[in-house]
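Okay, data_36.txt is below, compact mmCIF, C-alpha atoms:
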# COMPACT_ATOMS: atom_id res chain seq x y z
CA MET Z 27 230.51 233.69 94.20
CA PRO Z 28 232.37 231.10 96.31
CA ARG Z 29 232.23 231.70 100.05
CA PRO Z 30 235.38 233.13 101.67
CA ILE Z 31 237.27 230.23 103.25
CA LYS Z 32 239.72 231.00 106.06
CA ALA Z 33 240.69 227.54 107.34
CA LEU Z 34 241.17 223.89 106.44
CA ILE Z 35 240.68 221.19 109.09
CA PHE Z 36 242.08 217.71 108.54
CA ASP Z 37 241.26 214.41 110.11
CA PHE Z 38 244.42 212.38 110.74
CA ASP Z 39 243.98 208.59 110.63
CA GLY Z 40 243.19 207.42 107.12
CA LEU Z 41 243.34 210.96 105.75
CA ILE Z 42 246.90 212.23 106.20
CA ILE Z 43 248.36 208.71 106.35
CA ASP Z 44 246.54 205.44 105.84
CA THR Z 45 246.49 203.96 109.32
CA GLU Z 46 243.06 202.42 108.72
CA THR Z 47 244.08 199.71 106.23
CA PRO Z 48 246.91 198.32 108.46
CA ASP Z 49 244.64 198.46 111.52
CA TYR Z 50 241.87 196.49 109.83
CA ALA Z 51 244.39 194.05 108.32
CA SER Z 52 245.92 193.38 111.74
CA TRP Z 53 242.51 192.49 113.15
CA GLN Z 54 241.67 190.35 110.13
CA ALA Z 55 244.82 188.34 110.86
CA VAL Z 56 243.72 187.83 114.47
CA TYR Z 57 240.28 186.66 113.38
CA ALA Z 58 241.77 184.32 110.76
CA HIS Z 59 243.92 182.72 113.47
CA TYR Z 60 240.68 181.69 115.20
CA GLY Z 61 239.04 180.61 111.93
CA GLN Z 62 236.77 183.65 111.80
CA GLU Z 63 236.24 186.72 109.63
CA LEU Z 64 235.84 190.36 110.60
CA PRO Z 65 233.39 191.95 108.14
CA VAL Z 66 234.33 195.44 107.06
CA ALA Z 67 230.82 196.62 107.94
CA MET Z 68 231.37 195.60 111.57
CA TRP Z 69 234.81 197.21 111.71
CA GLY Z 70 233.44 200.34 110.06
CA GLN Z 71 231.32 201.12 113.11
CA ILE Z 72 234.39 202.39 114.96
CA VAL Z 73 236.47 203.82 112.10
CA GLY Z 74 237.10 207.50 112.68
CA GLY Z 75 235.62 207.64 116.16
CA THR Z 76 234.28 205.67 119.08
CA GLY Z 77 231.15 207.50 120.13
CA ALA Z 78 228.68 205.88 117.73
CA SER Z 79 229.13 202.22 118.61
CA ASP Z 80 229.80 199.83 121.44
CA PHE Z 81 231.50 197.41 119.02
CA ASP Z 82 234.55 195.73 120.54
CA PRO Z 83 236.62 193.45 118.28
CA HIS Z 84 237.73 191.26 121.20
CA SER Z 85 234.16 190.63 122.37
CA TYR Z 86 232.90 190.01 118.84
CA LEU Z 87 235.65 187.44 118.21
CA GLU Z 88 234.82 185.68 121.49
CA GLU Z 89 231.18 185.60 120.44
CA LEU Z 90 232.00 184.12 117.03
CA SER Z 91 234.58 181.61 118.20
CA GLY Z 92 233.03 180.60 121.50
CA GLN Z 93 236.45 181.00 123.11
CA ARG Z 94 237.79 183.28 125.80
CA LEU Z 95 240.72 185.32 124.54
CA ASP Z 96 243.89 186.26 126.34
CA ARG Z 97 243.09 189.85 125.47
CA GLU Z 98 246.43 191.25 126.59
CA GLU Z 99 248.37 188.78 124.44
CA VAL Z 100 246.12 189.40 121.44
CA TRP Z 101 246.44 193.16 121.88
CA ILE Z 102 250.24 193.15 122.21
CA ASN Z 103 250.85 190.86 119.22
CA ARG Z 104 248.37 192.63 116.98
CA ARG Z 105 249.50 196.10 118.02
CA THR Z 106 253.16 195.29 117.37
CA ALA Z 107 252.43 194.19 113.81
CA TYR Z 108 250.19 197.19 113.26
CA LEU Z 109 252.71 199.75 114.53
CA ASP Z 110 255.48 198.26 112.39
CA THR Z 111 253.32 198.71 109.30
CA VAL Z 112 252.09 202.19 110.17
CA ALA Z 113 255.66 203.41 110.72
CA GLU Z 114 256.27 202.81 107.01
CA GLN Z 115 253.16 204.63 105.76
CA PRO Z 116 253.81 207.69 103.57
CA ILE Z 117 251.79 210.90 103.42
CA LEU Z 118 248.72 210.22 101.29
CA PRO Z 119 248.53 211.75 97.77
CA GLY Z 120 247.73 215.44 97.58
CA VAL Z 121 247.96 216.16 101.31
CA LYS Z 122 251.31 217.97 101.16
CA ASP Z 123 250.17 220.00 98.14
CA TYR Z 124 247.08 221.14 100.07
CA LEU Z 125 249.16 222.12 103.09
CA ASP Z 126 251.63 224.06 100.95
CA GLY Z 127 248.77 225.70 99.04
CA ALA Z 128 247.00 226.69 102.25
CA ARG Z 129 250.17 228.21 103.65
CA ALA Z 130 250.78 230.13 100.40
CA CYS Z 131 247.34 231.74 100.46
CA GLY Z 132 247.22 232.41 104.19
CA LEU Z 133 244.67 229.83 105.25
CA LYS Z 134 244.73 228.58 108.83
CA LEU Z 135 245.25 224.84 109.35
CA ALA Z 136 244.16 222.39 112.04
CA VAL Z 137 243.97 218.68 112.74
CA ALA Z 138 240.91 217.25 114.51
CA SER Z 139 241.38 213.58 115.41
CA SER Z 140 239.65 211.02 117.60
CA SER Z 141 243.08 209.54 118.38
CA PRO Z 142 245.22 210.68 121.35
CA ASP Z 143 247.67 213.55 121.00
CA ASN Z 144 250.83 211.46 121.35
CA TRP Z 145 249.75 209.36 118.35
CA VAL Z 146 248.78 212.31 116.14
CA SER Z 147 251.62 214.66 117.07
CA GLY Z 148 254.15 211.84 116.98
CA HIS Z 149 253.32 210.91 113.41
CA LEU Z 150 253.03 214.52 112.27
CA THR Z 151 256.51 215.10 113.68
CA ARG Z 152 257.84 211.96 111.96
CA LEU Z 153 256.39 213.17 108.67
CA CYS Z 154 257.75 216.72 109.15
CA LEU Z 155 254.21 218.12 108.97
CA ILE Z 156 253.54 219.32 112.50
CA ASP Z 157 254.73 222.88 111.91
CA TYR Z 158 252.06 223.42 109.26
CA PHE Z 159 249.24 223.35 111.81
CA ASP Z 160 247.99 226.25 113.88
CA ALA Z 161 245.97 223.91 116.10
CA ILE Z 162 245.82 220.18 116.86
CA LYS Z 163 242.74 218.89 118.63
CA THR Z 164 242.56 215.25 119.70
CA ALA Z 165 240.70 212.87 121.97
CA ASP Z 166 242.70 214.33 124.85
CA ASP Z 167 240.95 217.68 124.40
CA VAL Z 168 237.28 216.65 124.39
CA ALA Z 169 234.77 214.62 126.35
CA ARG Z 170 233.28 213.00 123.21
CA THR Z 171 234.98 212.03 119.97
CA LYS Z 172 233.46 211.68 116.50
CA PRO Z 173 230.69 211.41 115.41
CA ASP Z 174 230.06 214.02 118.10
CA PRO Z 175 230.95 217.48 116.69
CA GLU Z 176 232.97 218.51 119.77
CA LEU Z 177 236.37 218.01 118.10
CA TYR Z 178 235.44 220.19 115.16
CA LEU Z 179 233.90 222.85 117.33
CA ALA Z 180 237.13 222.90 119.37
CA ALA Z 181 239.17 223.28 116.19
CA LEU Z 182 237.01 226.18 115.00
CA ALA Z 183 237.42 227.91 118.35
CA ALA Z 184 241.18 227.40 118.34
CA LEU Z 185 241.46 228.86 114.84
CA ASP Z 186 238.98 231.66 115.63
CA VAL Z 187 236.91 231.00 112.50
CA ALA Z 188 233.21 230.39 111.92
CA ALA Z 189 231.86 227.08 110.67
CA ASN Z 190 231.03 228.54 107.26
CA GLU Z 191 234.62 229.77 106.90
CA ALA Z 192 236.18 226.29 107.09
CA ILE Z 193 236.45 223.07 105.11
CA VAL Z 194 236.88 219.66 106.71
CA PHE Z 195 238.67 216.73 105.06
CA GLU Z 196 237.56 213.30 106.29
CA ASP Z 197 237.85 209.65 105.32
CA SER Z 198 235.09 208.11 107.45
CA ALA Z 199 231.35 208.25 108.01
CA ASN Z 200 231.84 209.10 111.69
CA GLY Z 201 234.09 212.00 110.73
CA VAL Z 202 231.77 213.37 108.07
CA GLN Z 203 228.85 213.16 110.50
CA ALA Z 204 230.86 215.11 113.08
CA ALA Z 205 231.83 217.81 110.57
CA LYS Z 206 228.29 218.28 109.33
CA ALA Z 207 226.94 218.40 112.90
CA ALA Z 208 229.40 221.25 113.49
CA GLY Z 209 228.03 223.03 110.40
CA ILE Z 210 231.21 222.69 108.32
CA TYR Z 211 231.54 221.88 104.60
CA ALA Z 212 232.83 218.29 104.47
CA VAL Z 213 235.00 216.70 101.78
CA ALA Z 214 235.18 212.90 102.00
CA ILE Z 215 238.35 211.16 100.77
CA PRO Z 216 237.82 207.48 101.61
CA ASN Z 217 240.81 205.12 101.93
CA ASN Z 218 240.93 201.43 100.99
CA VAL Z 219 238.86 200.46 104.03
CA THR Z 220 236.37 203.31 104.29
CA ALA Z 221 235.70 203.24 100.53
CA GLN Z 222 233.86 199.96 101.22
CA LEU Z 223 231.55 201.68 103.70
CA ASN Z 224 228.54 203.91 103.24
CA ILE Z 225 229.68 207.52 103.70
CA GLU Z 226 226.64 209.76 103.56
CA ASP Z 227 226.15 213.50 103.87
CA ALA Z 228 229.56 214.63 102.55
CA ASP Z 229 229.32 217.76 100.44
CA LEU Z 230 231.96 216.42 98.07
CA ARG Z 231 233.66 213.04 97.60
CA LEU Z 232 237.11 212.62 96.04
CA GLY Z 233 239.27 209.60 95.32
CA SER Z 234 242.26 211.45 96.76
CA LEU Z 235 243.33 215.04 97.38
CA ALA Z 236 245.49 214.72 94.26
CA GLU Z 237 242.28 214.54 92.22
CA LEU Z 238 241.46 218.24 92.65
CA SER Z 239 243.81 221.13 93.43
CA LEU Z 240 243.15 223.39 96.39
CA ASP Z 241 242.46 226.32 94.07
CA GLU Z 242 239.95 224.24 92.12
CA LEU Z 243 238.26 223.14 95.32
CA LEU Z 244 238.01 226.64 96.73
CA ALA Z 245 236.52 227.89 93.46
CA GLN Z 246 233.58 225.52 93.71
CA ILE Z 247 232.59 225.93 97.36
CA PRO Z 248 229.09 227.45 97.21
CA ASP Z 249 227.87 230.42 99.23
This structure in structure tokens:
Amino acid sequence: MPRPIKALIFDFDGLIIDTETPDYASWQAVYAHYGQELPVAMWGQIVGGTGASDFDPHSYLEELSGQRLDREEVWINRRTAYLDTVAEQPILPGVKDYLDGARACGLKLAVASSSPDNWVSGHLTRLCLIDYFDAIKTADDVARTKPDPELYLAALAALDVAANEAIVFEDSANGVQAAKAAGIYAVAIPNNVTAQLNIEDADLRLGSLAELSLDELLAQIPD
């Protein structure tokens, strides 16, 4: 018998929309300008959270190039290009179907993101998705972001469900680690960037949420 599931908890960046690919691409362009490369394995240390690594792309570029950066100028130029690209990103495949399916069968919904609230809520509003969620927990709500489990524990508390009554959807290793540390069943759906990284410990890995319907997923969650 499948376990009774009462809630679905979604990461945001790279899971609901693909913000990760434009972010990495914007930094690759900066590195290329200085004749350097940013390996995806280095970038992957901070995808989905900040608590697991001290990696800083500015410092790493200075180390590689031997030059001091005008960090403010680099940040503004890169961020402008990144935001322009992200503003055009659609909802990723299958996400809307899962939200509609959850609403139809009475499941509670939350977002748990290492990004700040204005970023998450702003995009959810732009995408007309914000009203689906019973709770939104972000970096503004916790002392430690992923891979620390605090965000997922906060989401469980806000939804008033136990860890074994929820499913988490994540695109990154940091996110999966956080979900598992909170005791929650974790489904990994890597994007173009995180698919190149080693994502361990997920209970299930899908190419996209369109690959398996919500009903099919719920039917195979073990006790």
Would you list the residues near (247.5, 223.9, 108.0) (no more than 9 Å away, in the coordinates of the file, using all atoms listed in the file) as a PyMOL selection string? chain Z and resi 33-36+124-126+128-129+133-137+155-161
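Distances from Z:Tyr57, Z:Ile210, Z:Ala67, Z:Thr151 to Leu182 in chain Z were compared using only C-alpha atoms, and the smallest one belongs to Z:Ile210.
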Selection: 10 Å around Ala236 in chain Z, only C-alpha atoms, excl. self and same-chain fewer than 4 positions, as a PyMOL selection string: chain Z and resi 118-124+232+240
With C-alpha atoms retained, could you export that selection as a PDB file, in the coordinates of the input?
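So out_38.pdb came out as:
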ATOM      1  CA  LEU Z 118     248.720 210.220 101.290  1.00  0.00           C
ATOM      2  CA  PRO Z 119     248.530 211.750  97.770  1.00  0.00           C
ATOM      3  CA  GLY Z 120     247.730 215.440  97.580  1.00  0.00           C
ATOM      4  CA  VAL Z 121     247.960 216.160 101.310  1.00  0.00           C
ATOM      5  CA  LYS Z 122     251.310 217.970 101.160  1.00  0.00           C
ATOM      6  CA  ASP Z 123     250.170 220.000  98.140  1.00  0.00           C
ATOM      7  CA  TYR Z 124     247.080 221.140 100.070  1.00  0.00           C
ATOM      8  CA  LEU Z 232     237.110 212.620  96.040  1.00  0.00           C
ATOM      9  CA  LEU Z 240     243.150 223.390  96.390  1.00  0.00           C
TER      10      LEU Z 240
END
Could you jot down the CA of Lys206 in chain Z to CA of Pro116 in chain Z separation for me, Å, one decimal place? 28.2 Å
Pick out the closest residue to Thr45 in chain Z from this set: Z:Leu244, Z:Arg29, Z:Ser85, Z:Asp110. Count only C-alpha atoms. Z:Asp110
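The gap separating CA of Asn218 in chain Z from CA of Leu179 in chain Z is 27.8 Å, in Å to one decimal.
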Long-range neighbours of Tyr50 in chain Z as a PyMOL selection string, 12 Å cut-off, all atoms listed in the file, 2 positions minimum in chain: chain Z and resi 40+44-48+52-57+63-73+83+104-105+107-108+111-112+217-220
I'd like the interatomic distance between CA of Tyr60 in chain Z and CA of Leu223 in chain Z, to a tenth of an Å.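 Separation of CA of Tyr60 in chain Z and CA of Leu223 in chain Z: 24.8 Å.
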